[in-house]
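Below is one structure; the comments refer to it alone.
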Amino acid sequence: SVRKRLVIKLVKPEANFIITEEPYLLSPESDNLINFEDASINAVTWRWQFENGYTSINRNPVIPFDEEGAFEVRLIVTNQSGCTDTISK
């Protein structure tokens with residue numbers, strides 16, 4: 001009989017994102033949509049939470065901001081094994 005050792009390695013996802021517009025200036029003549037670009041590694045699902053009340057499960061969401069201020073953005077990613085990682089900016 002032959003025995004082989006099987007090594008299984010789970011790779012944890014790494015959550016990360018960038019905001020594609022700079023500067024982030026609101027304008028009454030604009031729709032004030034901000035593009036968020038996923039920069040995560042090993043992710044297959046995305047769950048975004050925006051401090052202005054919006055949420056998204058899109059990989060690269062476009063979110064409206066109607067008020068000026070500093071808003072926290074949280075991204076939770078999951079890999080195909082169900083492992084998660086979170087980043088807030």
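Each chain of the structure tokens is named A, B, ... in the order shown, its residues numbered from 1; ligands are numbered from 1 in display order.
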Could you write out, as number ranges by chain, all the residues of chain A that DSSP marks as strand (DSSP E)?
-> A: 17-19, 33-38, 45-50, 55-56, 62-64, 73-78, 84-88
Spatial neighbours of Asp38 of chain A, 7 Å, only C-alpha atoms, chain gap at least 3 places, as a count of residues only = 5
Can you pull out every residue within 7 Å of segment 24-37 of chain A, counting only C-alpha atoms, but drop anything in the same chain fewer than 5 positions away, and send it as a PyMOL selection string?
-> chain A and resi 17-19+60-66+68
Polymer residues at most 6 Å from Asn79 of chain A, only C-alpha atoms, same-chain spacing of 3 or more positions, as a PyMOL selection string | chain A and resi 13+42-44+82-83
Surrounding residues of Glu14 of chain A excluding itself and chain neighbours under 6 positions, 6 Å, only C-alpha atoms, as a PDB file with N, CA, C and O atoms, in the first residue's frame:
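Wrote selection_10.pdb, looks like this:
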ATOM      1  N   SER A  40      -8.621  44.141  -3.661  1.00  0.00           N
ATOM      2  CA  SER A  40      -8.446  42.994  -2.774  1.00  0.00           C
ATOM      3  C   SER A  40      -7.753  41.840  -3.495  1.00  0.00           C
ATOM      4  O   SER A  40      -7.757  41.756  -4.724  1.00  0.00           O
ATOM      5  N   ILE A  41      -7.194  40.946  -2.703  1.00  0.00           N
ATOM      6  CA  ILE A  41      -6.534  39.743  -3.220  1.00  0.00           C
ATOM      7  C   ILE A  41      -7.311  38.524  -2.738  1.00  0.00           C
ATOM      8  O   ILE A  41      -7.701  38.451  -1.564  1.00  0.00           O
ATOM      9  N   ASP A  85     -12.002  38.983   5.343  1.00  0.00           N
ATOM     10  CA  ASP A  85     -11.091  40.031   5.795  1.00  0.00           C
ATOM     11  C   ASP A  85     -11.826  41.363   5.644  1.00  0.00           C
ATOM     12  O   ASP A  85     -12.675  41.510   4.766  1.00  0.00           O
TER      13      ASP A  85
END
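The residue that comes closest to Gln80 of chain A, out of A:Thr20, A:Ser1, A:Thr45, A:Asn58 and on the basis of only C-alpha atoms, is A:Thr45.
If you look at atom CA of Thr55 of chain A and atom CA of Leu10 of chain A, they are 28.3 Å away from each other.
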For Asn52 of chain A, work out the shell of residues within 7 Å, counting only C-alpha atoms and skipping chain neighbours fewer than 2 positions away, then give it as number ranges by chain.
-> A: 50, 54, 71
Write a file of the selected residues as a PDB file, in the first residue's frame, keeping C-alpha atoms.
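Output contents, as saved in out23.pdb:
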ATOM      1  CA  PHE A  50     -20.666  53.411   3.672  1.00  0.00           C
ATOM      2  CA  TYR A  54     -25.385  53.169   1.471  1.00  0.00           C
ATOM      3  CA  PHE A  71     -17.156  59.268   5.895  1.00  0.00           C
TER       4      PHE A  71
END
Please provide the set of residues having any atom within 10 Å of Ala70 of chain A, restricted to only C-alpha atoms, with same-chain residues fewer than 3 positions apart removed, written as a PyMOL selection string.
-> chain A and resi 51-52+67+73
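Among the candidates A:Thr84, A:Gly69, A:Arg74, A:Ile8, the residue lying nearest to Trp48 of chain A is A:Arg74 (atoms considered: only C-alpha atoms).
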